[in-house]
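Q: Pasting start.tsv here (TSV, C-alpha atoms (C1' of nucleotides)):
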```tsv
chain	number	residue	atom	x	y	z
K	1	MET	CA	22.08	-8.75	2.66
K	2	SER	CA	21.09	-5.12	2.39
K	3	SER	CA	20.16	-2.17	4.54
K	4	ILE	CA	16.61	-0.96	5.01
K	5	SER	CA	15.48	2.65	4.61
K	6	LEU	CA	12.21	3.68	6.22
K	7	ILE	CA	10.28	6.67	4.92
K	8	ALA	CA	8.42	8.13	7.89
K	9	ASN	CA	8.59	11.14	10.19
K	10	ASP	CA	8.28	8.73	13.13
K	11	PRO	CA	9.48	5.20	12.23
K	12	SER	CA	8.50	3.91	15.68
K	13	ARG	CA	4.90	3.88	14.43
K	14	PHE	CA	5.56	0.86	12.20
K	15	ASP	CA	4.14	-2.49	13.26
K	16	PRO	CA	7.07	-4.67	14.46
K	17	LEU	CA	5.75	-7.60	12.42
K	18	SER	CA	5.97	-5.55	9.21
K	19	LEU	CA	9.57	-4.63	10.09
K	20	ASP	CA	10.41	-8.29	10.73
K	21	GLN	CA	8.99	-9.20	7.34
K	22	LEU	CA	10.96	-6.39	5.73
K	23	GLN	CA	14.17	-7.56	7.44
K	24	ALA	CA	13.65	-11.13	6.24
K	25	THR	CA	13.53	-9.94	2.63
K	26	ALA	CA	16.45	-7.55	3.16
K	27	ASP	CA	18.49	-10.61	4.19
K	28	TYR	CA	17.91	-12.40	0.86
K	29	GLU	CA	21.16	-13.16	-0.90
K	30	GLY	CA	21.45	-10.76	-3.82
K	31	MET	CA	19.19	-8.09	-2.32
K	32	ASP	CA	20.78	-4.65	-2.62
K	33	ARG	CA	18.29	-2.08	-1.31
K	34	VAL	CA	14.98	-2.25	0.58
K	35	VAL	CA	12.68	0.68	1.33
K	36	GLY	CA	9.66	0.72	3.65
K	37	LEU	CA	7.10	3.38	2.69
K	38	PRO	CA	4.79	5.19	5.16
K	39	ASP	CA	1.91	2.76	4.48
K	40	LEU	CA	4.07	-0.28	5.32
K	41	HIS	CA	2.10	-3.12	6.89
K	42	ALA	CA	2.44	-6.83	7.41
K	43	GLY	CA	1.35	-8.96	4.49
K	44	ASN	CA	0.99	-12.63	3.78
K	45	GLY	CA	4.66	-13.30	4.53
K	46	ILE	CA	5.94	-10.25	2.64
K	47	ALA	CA	5.55	-6.68	3.89
K	48	VAL	CA	3.25	-4.50	1.76
K	49	GLY	CA	4.18	-0.87	1.07
K	50	ALA	CA	7.75	-1.76	0.21
K	51	VAL	CA	10.29	-1.58	-2.62
K	52	PHE	CA	13.14	-4.00	-3.31
K	53	TRP	CA	16.06	-3.45	-5.66
K	54	SER	CA	18.56	-6.08	-6.75
K	55	ARG	CA	21.40	-5.93	-9.25
K	56	SER	CA	21.27	-9.64	-9.86
K	57	ARG	CA	17.96	-11.35	-9.09
K	58	ILE	CA	14.20	-11.34	-9.55
K	59	TRP	CA	11.77	-12.66	-6.93
K	60	PRO	CA	8.30	-13.31	-8.39
K	61	HIS	CA	6.72	-13.58	-4.95
K	62	LEU	CA	7.95	-10.07	-4.04
K	63	VAL	CA	5.56	-8.81	-6.72
K	64	GLY	CA	2.94	-11.24	-5.44
K	65	SER	CA	-0.09	-12.74	-7.12
K	66	ASP	CA	-1.91	-9.56	-8.09
K	67	ILE	CA	0.60	-8.49	-10.73
K	68	GLY	CA	-0.31	-5.10	-12.20
K	69	CYS	CA	-2.76	-4.19	-9.46
K	70	GLY	CA	-3.15	-0.44	-9.33
K	71	MET	CA	-5.22	2.71	-9.42
K	72	SER	CA	-6.71	4.68	-12.24
K	73	LEU	CA	-8.23	8.11	-11.73
K	74	TRP	CA	-10.86	9.60	-14.00
K	75	GLU	CA	-12.42	13.03	-14.38
K	76	THR	CA	-15.93	12.29	-15.58
K	77	THR	CA	-18.14	14.50	-17.72
K	78	SER	CA	-20.80	14.51	-15.01
K	79	PRO	CA	-21.28	17.91	-13.36
K	80	LEU	CA	-20.90	17.63	-9.61
K	81	ARG	CA	-24.04	19.67	-8.97
K	82	LYS	CA	-26.09	16.98	-10.73
K	83	PHE	CA	-24.71	14.13	-8.63
K	84	ARG	CA	-27.48	12.44	-6.63
K	85	LEU	CA	-26.32	9.62	-4.38
K	86	GLY	CA	-29.60	7.70	-4.48
K	87	THR	CA	-29.87	7.88	-8.26
K	88	VAL	CA	-26.29	6.79	-8.79
K	89	GLU	CA	-26.64	3.91	-6.33
K	90	ARG	CA	-29.76	2.71	-8.12
K	91	LYS	CA	-28.05	2.79	-11.51
K	92	LEU	CA	-25.00	0.76	-10.48
K	93	GLN	CA	-26.34	-2.71	-11.32
K	94	GLY	CA	-24.92	-5.83	-12.92
K	95	LEU	CA	-21.33	-4.68	-12.49
K	96	ASP	CA	-20.17	-7.87	-10.78
K	97	ALA	CA	-21.32	-9.97	-13.73
K	98	PRO	CA	-18.93	-10.70	-16.60
K	99	TRP	CA	-18.62	-7.86	-19.10
K	100	SER	CA	-20.81	-8.31	-22.18
K	101	GLY	CA	-18.27	-6.63	-24.49
K	102	ASN	CA	-15.55	-8.25	-26.60
K	103	GLY	CA	-12.68	-9.01	-24.24
K	104	GLN	CA	-10.53	-10.55	-26.96
K	105	ALA	CA	-10.80	-7.41	-29.09
K	106	ALA	CA	-10.00	-5.20	-26.10
K	107	LEU	CA	-6.85	-7.22	-25.35
K	108	THR	CA	-5.77	-7.31	-29.00
K	109	GLU	CA	-6.15	-3.55	-29.22
K	110	ALA	CA	-3.80	-3.25	-26.26
K	111	GLY	CA	-1.26	-5.51	-27.98
K	112	LEU	CA	-2.02	-8.48	-25.72
K	113	PRO	CA	-2.84	-12.10	-26.69
K	114	PRO	CA	-6.63	-12.44	-27.08
K	115	GLU	CA	-6.53	-15.86	-25.44
K	116	LEU	CA	-5.94	-14.09	-22.12
K	117	ALA	CA	-9.59	-12.99	-22.16
K	118	SER	CA	-11.62	-14.39	-19.25
K	119	PRO	CA	-14.97	-13.71	-17.56
K	120	ALA	CA	-13.03	-11.77	-14.90
K	121	LEU	CA	-11.97	-9.10	-17.42
K	122	GLY	CA	-13.87	-5.91	-16.60
K	123	THR	CA	-14.78	-6.87	-13.04
K	124	ILE	CA	-13.40	-5.35	-9.83
K	125	GLY	CA	-12.77	-8.54	-7.84
K	126	GLY	CA	-12.62	-8.72	-4.04
K	127	GLY	CA	-10.34	-7.80	-1.16
K	128	ASN	CA	-9.40	-4.12	-1.12
K	129	HIS	CA	-10.47	-3.51	-4.72
K	130	PHE	CA	-13.15	-0.89	-5.38
K	131	VAL	CA	-14.58	1.82	-7.58
K	132	GLU	CA	-15.13	5.14	-5.83
K	133	PHE	CA	-16.90	8.30	-6.94
K	134	GLN	CA	-15.31	11.41	-5.48
K	135	ARG	CA	-15.34	15.18	-5.52
K	136	ILE	CA	-12.49	17.63	-5.32
K	137	GLU	CA	-12.41	18.82	-1.72
K	138	VAL	CA	-9.41	21.15	-1.88
K	139	VAL	CA	-7.08	22.16	-4.67
K	140	ALA	CA	-3.72	22.62	-2.96
K	141	ASP	CA	-1.86	23.74	-6.07
K	142	GLU	CA	-4.25	25.84	-8.18
K	143	ALA	CA	-1.65	26.67	-10.81
K	144	ARG	CA	-0.70	23.03	-11.42
K	145	PHE	CA	-4.34	21.87	-11.30
K	146	ALA	CA	-5.27	24.46	-13.93
K	147	ALA	CA	-2.21	23.73	-16.05
K	148	LEU	CA	-3.26	20.07	-16.18
K	149	GLY	CA	-6.66	21.20	-17.44
K	150	LEU	CA	-8.44	19.59	-14.49
K	151	ARG	CA	-11.89	20.60	-13.24
K	152	HIS	CA	-13.21	20.74	-9.70
K	153	ASP	CA	-16.87	20.97	-10.78
K	154	ARG	CA	-16.99	17.40	-12.13
K	155	VAL	CA	-17.55	14.02	-10.51
K	156	TRP	CA	-14.29	12.06	-10.26
K	157	MET	CA	-13.91	8.30	-10.28
K	158	MET	CA	-11.17	6.07	-8.92
K	159	VAL	CA	-10.69	2.42	-9.93
K	160	HIS	CA	-8.62	-0.02	-7.87
K	161	SER	CA	-8.24	-3.47	-9.40
K	162	GLY	CA	-5.65	-5.79	-10.86
K	163	SER	CA	-5.02	-8.86	-12.97
K	164	ARG	CA	-7.46	-11.18	-11.12
K	165	GLY	CA	-6.81	-14.87	-11.77
K	166	LEU	CA	-4.19	-14.22	-14.44
K	167	GLY	CA	-1.56	-12.74	-12.14
K	168	GLN	CA	-2.15	-15.55	-9.70
K	169	ALA	CA	-1.60	-18.14	-12.43
K	170	VAL	CA	1.64	-16.42	-13.47
K	171	LEU	CA	3.00	-16.48	-9.91
K	172	GLN	CA	1.89	-20.10	-9.54
K	173	ALA	CA	3.79	-21.08	-12.69
K	174	HIS	CA	6.99	-19.40	-11.49
K	175	ARG	CA	6.82	-20.08	-7.79
K	176	GLN	CA	10.24	-20.94	-6.38
K	177	LEU	CA	10.88	-24.01	-4.27
K	178	GLU	CA	12.94	-21.86	-1.97
K	179	ILE	CA	11.33	-18.44	-2.18
K	180	SER	CA	14.33	-16.46	-0.93
K	181	ARG	CA	16.53	-17.66	-3.80
K	182	GLY	CA	14.63	-15.90	-6.56
K	183	ILE	CA	15.73	-16.17	-10.19
K	184	PRO	CA	19.01	-14.94	-11.70
K	185	LYS	CA	18.12	-11.96	-13.89
K	186	LYS	CA	19.55	-13.27	-17.15
K	187	SER	CA	18.20	-16.82	-16.90
K	188	PRO	CA	15.57	-18.31	-19.25
K	189	GLU	CA	13.29	-18.57	-16.18
K	190	ALA	CA	13.55	-14.82	-15.62
K	191	THR	CA	12.81	-14.10	-19.28
K	192	ALA	CA	9.77	-16.38	-19.18
K	193	TYR	CA	8.46	-14.86	-15.94
K	194	LEU	CA	8.99	-11.31	-17.13
K	195	ALA	CA	7.10	-11.95	-20.37
K	196	GLN	CA	4.09	-13.30	-18.45
K	197	HIS	CA	4.43	-10.55	-15.83
K	198	ASP	CA	4.31	-7.88	-18.54
K	199	ALA	CA	1.20	-9.47	-20.06
K	200	ALA	CA	-0.51	-9.52	-16.64
K	201	LEU	CA	0.48	-5.88	-16.17
K	202	GLY	CA	-1.12	-4.95	-19.49
K	203	TRP	CA	-4.18	-7.07	-18.70
K	204	ALA	CA	-4.67	-5.17	-15.43
K	205	VAL	CA	-4.57	-1.83	-17.27
K	206	VAL	CA	-7.19	-3.06	-19.76
K	207	ASN	CA	-9.23	-4.38	-16.84
K	208	ARG	CA	-9.30	-0.97	-15.13
K	209	GLN	CA	-10.14	0.65	-18.46
K	210	ILE	CA	-13.14	-1.63	-19.00
K	211	ILE	CA	-14.30	-1.27	-15.39
K	212	ALA	CA	-14.25	2.52	-15.76
K	213	LYS	CA	-16.13	2.31	-19.05
K	214	ARG	CA	-18.79	0.01	-17.54
K	215	PHE	CA	-19.36	2.28	-14.54
K	216	CYS	CA	-19.59	5.36	-16.74
K	217	GLU	CA	-21.97	3.65	-19.14
K	218	SER	CA	-24.29	2.56	-16.38
K	219	LEU	CA	-24.54	6.22	-15.30
K	220	GLY	CA	-24.82	7.54	-18.86
K	221	ILE	CA	-21.65	9.60	-18.50
K	222	ASP	CA	-18.19	9.67	-20.02
K	223	GLY	CA	-14.78	10.25	-18.55
K	224	ARG	CA	-11.17	10.94	-19.29
K	225	LYS	CA	-8.29	9.12	-17.68
K	226	VAL	CA	-6.07	11.39	-15.61
K	227	LEU	CA	-3.68	8.62	-14.62
K	228	ASP	CA	-3.24	4.85	-14.37
K	229	ILE	CA	-0.47	3.47	-12.20
K	230	CYS	CA	0.30	0.02	-10.90
K	231	HIS	CA	1.71	-0.73	-7.47
K	232	ASN	CA	2.64	-4.43	-7.84
K	233	SER	CA	5.34	-4.94	-10.44
K	234	VAL	CA	8.98	-5.57	-11.23
K	235	SER	CA	10.80	-3.39	-13.74
K	236	PRO	CA	14.35	-2.76	-14.96
K	237	HIS	CA	16.04	-0.05	-12.93
K	238	GLN	CA	19.64	1.17	-12.94
K	239	GLY	CA	21.02	-2.07	-14.29
K	240	GLY	CA	19.03	-4.19	-11.83
K	241	TRP	CA	15.39	-4.95	-11.06
K	242	LEU	CA	12.99	-2.90	-8.97
K	243	HIS	CA	10.21	-4.82	-7.21
K	244	ARG	CA	7.24	-2.80	-6.02
K	245	LYS	CA	4.99	-4.55	-3.51
K	246	GLY	CA	2.19	-2.11	-2.79
K	247	ALA	CA	4.29	0.86	-3.89
K	248	ALA	CA	3.28	3.50	-6.43
K	249	PRO	CA	5.80	4.60	-9.07
K	250	ALA	CA	7.33	8.06	-8.59
K	251	ASP	CA	8.77	8.14	-12.12
K	252	GLN	CA	5.64	7.92	-14.26
K	253	GLY	CA	3.89	11.23	-13.76
K	254	LEU	CA	0.88	12.00	-11.56
K	255	VAL	CA	-0.01	9.61	-8.74
K	256	THR	CA	-3.14	9.12	-6.69
K	257	ILE	CA	-2.85	7.91	-3.12
K	258	PRO	CA	-6.20	6.73	-1.77
K	259	GLY	CA	-7.21	6.86	1.86
K	260	SER	CA	-9.64	4.30	3.26
K	261	ARG	CA	-13.23	4.52	2.00
K	262	GLY	CA	-13.98	6.81	4.97
K	263	ASP	CA	-11.10	9.17	4.32
K	264	PHE	CA	-9.78	11.53	1.65
K	265	SER	CA	-7.66	10.53	-1.34
K	266	TYR	CA	-4.86	12.63	-2.79
K	267	LEU	CA	-3.69	13.60	-6.25
K	268	VAL	CA	0.03	14.23	-6.00
K	269	GLU	CA	3.04	15.10	-8.09
K	270	PRO	CA	6.24	13.18	-7.33
K	271	ILE	CA	9.32	15.35	-6.73
K	272	ALA	CA	12.32	13.99	-8.61
K	273	ASP	CA	15.11	15.50	-6.48
K	274	ASN	CA	14.83	13.11	-3.53
K	275	ALA	CA	13.20	10.20	-5.36
K	276	ASP	CA	16.17	7.85	-5.14
K	277	LYS	CA	16.02	7.55	-1.36
K	278	ALA	CA	12.60	5.91	-1.75
K	279	LEU	CA	13.68	3.90	-4.81
K	280	HIS	CA	11.53	6.12	-7.04
K	281	SER	CA	8.37	4.97	-5.29
K	282	LEU	CA	5.54	6.28	-3.11
K	283	ALA	CA	2.95	4.92	-0.70
K	284	HIS	CA	0.09	3.20	-2.54
K	285	GLY	CA	-2.56	4.02	0.04
K	286	ALA	CA	-3.14	4.37	3.77
K	287	GLY	CA	-1.96	0.85	4.61
K	288	ARG	CA	-3.76	-1.54	6.93
K	289	LYS	CA	-3.66	-0.97	10.66
K	290	TRP	CA	-5.56	-4.16	11.53
K	291	SER	CA	-5.54	-7.51	9.74
K	292	ARG	CA	-8.73	-8.56	7.97
K	293	LYS	CA	-9.45	-11.07	10.70
K	294	ASP	CA	-8.94	-8.55	13.53
K	295	ALA	CA	-10.99	-5.90	11.75
K	296	HIS	CA	-13.91	-8.29	11.38
K	297	ALA	CA	-13.64	-9.56	14.96
K	298	ARG	CA	-13.50	-6.09	16.53
K	299	LEU	CA	-15.94	-4.22	14.33
K	300	SER	CA	-18.70	-6.77	13.77
K	301	ARG	CA	-19.14	-6.86	17.55
K	302	ARG	CA	-19.53	-3.08	17.90
K	303	PHE	CA	-21.31	-2.07	14.70
K	304	ASN	CA	-24.08	-3.28	12.45
K	305	ILE	CA	-24.11	-3.35	8.67
K	306	ALA	CA	-26.00	-0.04	8.43
K	307	ASP	CA	-23.18	1.68	10.38
K	308	MET	CA	-20.70	0.36	7.83
K	309	GLN	CA	-22.73	1.60	4.85
K	310	ARG	CA	-22.01	5.21	5.75
K	311	THR	CA	-18.72	6.86	6.59
K	312	ALA	CA	-17.68	9.76	8.79
K	313	LEU	CA	-17.29	11.89	5.66
K	314	GLY	CA	-20.89	11.21	4.68
K	315	SER	CA	-20.12	8.88	1.78
K	316	HIS	CA	-22.10	5.74	1.03
K	317	VAL	CA	-20.81	2.19	0.65
K	318	ILE	CA	-22.21	-0.52	-1.61
K	319	CYS	CA	-20.91	-3.84	-0.28
K	320	GLU	CA	-23.35	-6.70	-0.01
K	321	ASP	CA	-20.70	-9.08	1.32
K	322	ARG	CA	-21.15	-8.85	5.08
K	323	ARG	CA	-17.71	-10.10	5.95
K	324	LEU	CA	-15.91	-7.84	3.47
K	325	ILE	CA	-17.73	-4.70	4.62
K	326	PHE	CA	-16.15	-5.09	8.08
K	327	GLU	CA	-12.75	-6.23	6.82
K	328	GLU	CA	-12.40	-3.09	4.71
K	329	ALA	CA	-13.85	-0.63	7.24
K	330	PRO	CA	-12.06	2.73	7.59
K	331	HIS	CA	-11.13	1.78	11.18
K	332	ALA	CA	-8.87	-0.99	9.82
K	333	TYR	CA	-6.70	1.52	7.94
K	334	LYS	CA	-4.08	4.06	8.96
K	335	ASP	CA	-4.66	7.81	8.79
K	336	ILE	CA	-3.96	8.86	5.18
K	337	GLY	CA	-3.13	12.38	6.41
K	338	MET	CA	-0.15	10.91	8.27
K	339	VAL	CA	1.02	8.99	5.19
K	340	ILE	CA	0.84	12.14	3.07
K	341	ALA	CA	2.66	14.14	5.76
K	342	ASP	CA	5.42	11.51	5.82
K	343	LEU	CA	5.86	11.71	2.04
K	344	GLU	CA	5.87	15.52	2.17
K	345	GLY	CA	8.31	15.44	5.07
K	346	ALA	CA	10.67	13.30	3.01
K	347	GLY	CA	10.39	15.77	0.13
K	348	LEU	CA	8.91	13.12	-2.17
K	349	ILE	CA	5.61	14.72	-3.23
K	350	ARG	CA	3.70	17.92	-3.77
K	351	VAL	CA	-0.06	17.64	-3.18
K	352	ILE	CA	-2.13	18.93	-6.07
K	353	ALA	CA	-5.61	18.13	-4.78
K	354	LYS	CA	-7.51	16.30	-2.09
K	355	LEU	CA	-10.59	14.27	-3.03
K	356	ARG	CA	-13.61	13.46	-0.87
K	357	PRO	CA	-15.36	10.09	-1.23
K	358	LEU	CA	-19.02	10.21	-2.30
K	359	LEU	CA	-19.79	6.56	-3.02
K	360	SER	CA	-17.64	3.45	-2.73
K	361	TYR	CA	-18.67	0.42	-4.74
K	362	LYS	CA	-17.32	-2.99	-3.65
K	363	THR	CA	-19.77	-5.69	-4.67
K	364	ARG	CA	-23.45	-6.46	-4.90
K	365	ALA	CA	-22.85	-10.19	-4.98
K	366	ALA	CA	-22.88	-11.74	-1.51
B	1	DA	C1'	-5.37	-11.39	-3.69
B	2	DT	C1'	-8.26	-15.73	-5.92
B	3	DG	C1'	-13.26	-18.66	-12.43
B	4	DT	C1'	-11.17	-19.55	-4.12
B	5	DT	C1'	-13.25	-23.76	-0.63
B	6	DC	C1'	-13.37	-29.64	3.15
```
What do you get writing this file as structure tokens?

A:
Amino acid sequence: MSSISLIANDPSRFDPLSLDQLQATADYEGMDRVVGLPDLHAGNGIAVGAVFWSRSRIWPHLVGSDIGCGMSLWETTSPLRKFRLGTVERKLQGLDAPWSGNGQAALTEAGLPPELASPALGTIGGGNHFVEFQRIEVVADEARFAALGLRHDRVWMMVHSGSRGLGQAVLQAHRQLEISRGIPKKSPEATAYLAQHDAALGWAVVNRQIIAKRFCESLGIDGRKVLDICHNSVSPHQGGWLHRKGAAPADQGLVTIPGSRGDFSYLVEPIADNADKALHSLAHGAGRKWSRKDAHARLSRRFNIADMQRTALGSHVICEDRRLIFEEAPHAYKDIGMVIADLEGAGLIRVIAKLRPLLSYKTRAA
DNA sequence: ATGTTC
């Protein structure tokens, strides 16, 4: 039994269902602290946009099946003034197919077992995963931006993907009969889960790396990684274990917080002073406002596919799956400006820059 | 979320 802290200027905005889900996990025996972040929303049983800390136990299903899912942000070598939407769209082909490179070598190089290679390595996957090309809209902190050596005259690229089937297999193998019981932290079961969890985490990083490389190669450009963070994980923290379920780390340097595909994304710097009240974590995005089912039901009635292929900010969307394009519509997500304001209000972040979407790539395969 | 699915 533990208390819940909510990070929001106006906590009454939270969906009651997400709060019920958060309460249910706060009631787990052995749970010590639970935090709901500004992007909190109801998940498949477990609230997303939340952090859980326990002195004594580990709950694999609080991390979920997409272990290591996260965001990487790249400053490409492509000058912004040369960016042509039509040309770029035309060049992005074959990216849903398995990667033709050597997956085993890529994993070995990262210190991971080569037998974890699979055809999914180097592919985005489905759901809310994407690759997005962006431009710097506003630099909020010029001094910090310059000190980091960042450039506003380049095309930027954001990758959101995870560990695909691997993370799911790991959760499957360690699924608890009674979910709320979890695993005692020093048990052989915990050791076994954590080893596989760490491998899935590493796999997801390699996956994002290969995805970025493939997208750059198809455009004939290069890029440098500004950051790579994962928002589904469990890690040792203050003598216990910190579970992040759709929560970005606030203790690993720069963080990007993406809005929906029709909204801005942010490059932010975590502020250490107040970090503990949010369990050293930040929102991982805007958070859903509508479930996938609701989004499809409401939007497919009012809009056609062509409406969905453009956003209010003028960006284009490549998504040839006609269900997914509605499920992931900007309308289904909360206002990212509100999420950022909540984090600023709590003294958790300083905004460095705001990025405008140019082109969001989901899938060409229907 | 998913080498997914009757």

Q: Find the residues of chain K that sit at most 7 Å from chain B; for each, write down the nearest two atoms and how far apart they are in Å, to one decimal. Count all atoms listed in the file. Sort by chain, then by number going up, and give it as a tab-separated table.

A:
```
residue	atom	partner	partner_atom	distance
K:Ser65	CA	B:DA1	C1'	6.4
K:Asp66	CA	B:DA1	C1'	5.9
K:Gly127	CA	B:DA1	C1'	6.6
K:Arg164	CA	B:DT2	C1'	7.0
K:Gly165	CA	B:DT2	C1'	6.1
```

Q: Excluding Ala42 in chain K and residues on its chain fewer than 2 positions from it, collect all residues at most 10 Å away from it, counting all atoms listed in the file, and give them as an mmCIF file with C-alpha atoms, in the coordinates of the input.

A:
```
data_model
loop_
_atom_site.group_PDB
_atom_site.id
_atom_site.type_symbol
_atom_site.label_atom_id
_atom_site.label_comp_id
_atom_site.auth_asym_id
_atom_site.auth_seq_id
_atom_site.Cartn_x
_atom_site.Cartn_y
_atom_site.Cartn_z
ATOM 1 C CA PHE K 14 5.560 0.860 12.200
ATOM 2 C CA ASP K 15 4.140 -2.490 13.260
ATOM 3 C CA PRO K 16 7.070 -4.670 14.460
ATOM 4 C CA LEU K 17 5.750 -7.600 12.420
ATOM 5 C CA SER K 18 5.970 -5.550 9.210
ATOM 6 C CA LEU K 19 9.570 -4.630 10.090
ATOM 7 C CA ASP K 20 10.410 -8.290 10.730
ATOM 8 C CA GLN K 21 8.990 -9.200 7.340
ATOM 9 C CA LEU K 22 10.960 -6.390 5.730
ATOM 10 C CA LEU K 40 4.070 -0.280 5.320
ATOM 11 C CA ASN K 44 0.990 -12.630 3.780
ATOM 12 C CA GLY K 45 4.660 -13.300 4.530
ATOM 13 C CA ILE K 46 5.940 -10.250 2.640
ATOM 14 C CA ALA K 47 5.550 -6.680 3.890
ATOM 15 C CA VAL K 48 3.250 -4.500 1.760
ATOM 16 C CA GLY K 49 4.180 -0.870 1.070
ATOM 17 C CA GLY K 287 -1.960 0.850 4.610
ATOM 18 C CA ARG K 288 -3.760 -1.540 6.930
ATOM 19 C CA LYS K 289 -3.660 -0.970 10.660
ATOM 20 C CA TRP K 290 -5.560 -4.160 11.530
ATOM 21 C CA SER K 291 -5.540 -7.510 9.740
#
```

Q: Between K:Val339, K:Ala117, K:Val255, K:Ile349, which residue has the minimum interatomic distance to Ala286 in chain K, considering only C-alpha atoms?

A: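 Ranking K:Val339, K:Ala117, K:Val255, K:Ile349 by distance to Ala286 in chain K, first place goes to K:Val339.
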
Q: How many Å lie between CA of Gln252 in chain K and CA of Ser235 in chain K, rounded to one decimal?

A: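 Computed distance, CA of Gln252 in chain K to CA of Ser235 in chain K, equals 12.4 Å.
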
Q: How close does range 245-276 of chain K get to range 5-12 of chain K? List, as a tab-separated table, each residue of range 245-276 of chain K within 12 Å, its nearest atom pair and the distance in Å to one decimal, counting only C-alpha atoms.

A:
```
residue	atom	partner	partner_atom	distance
K:Asn274	CA	K:Ile7	CA	11.6
K:Ala275	CA	K:Ile7	CA	11.3
K:Asp276	CA	K:Ser5	CA	11.1
```
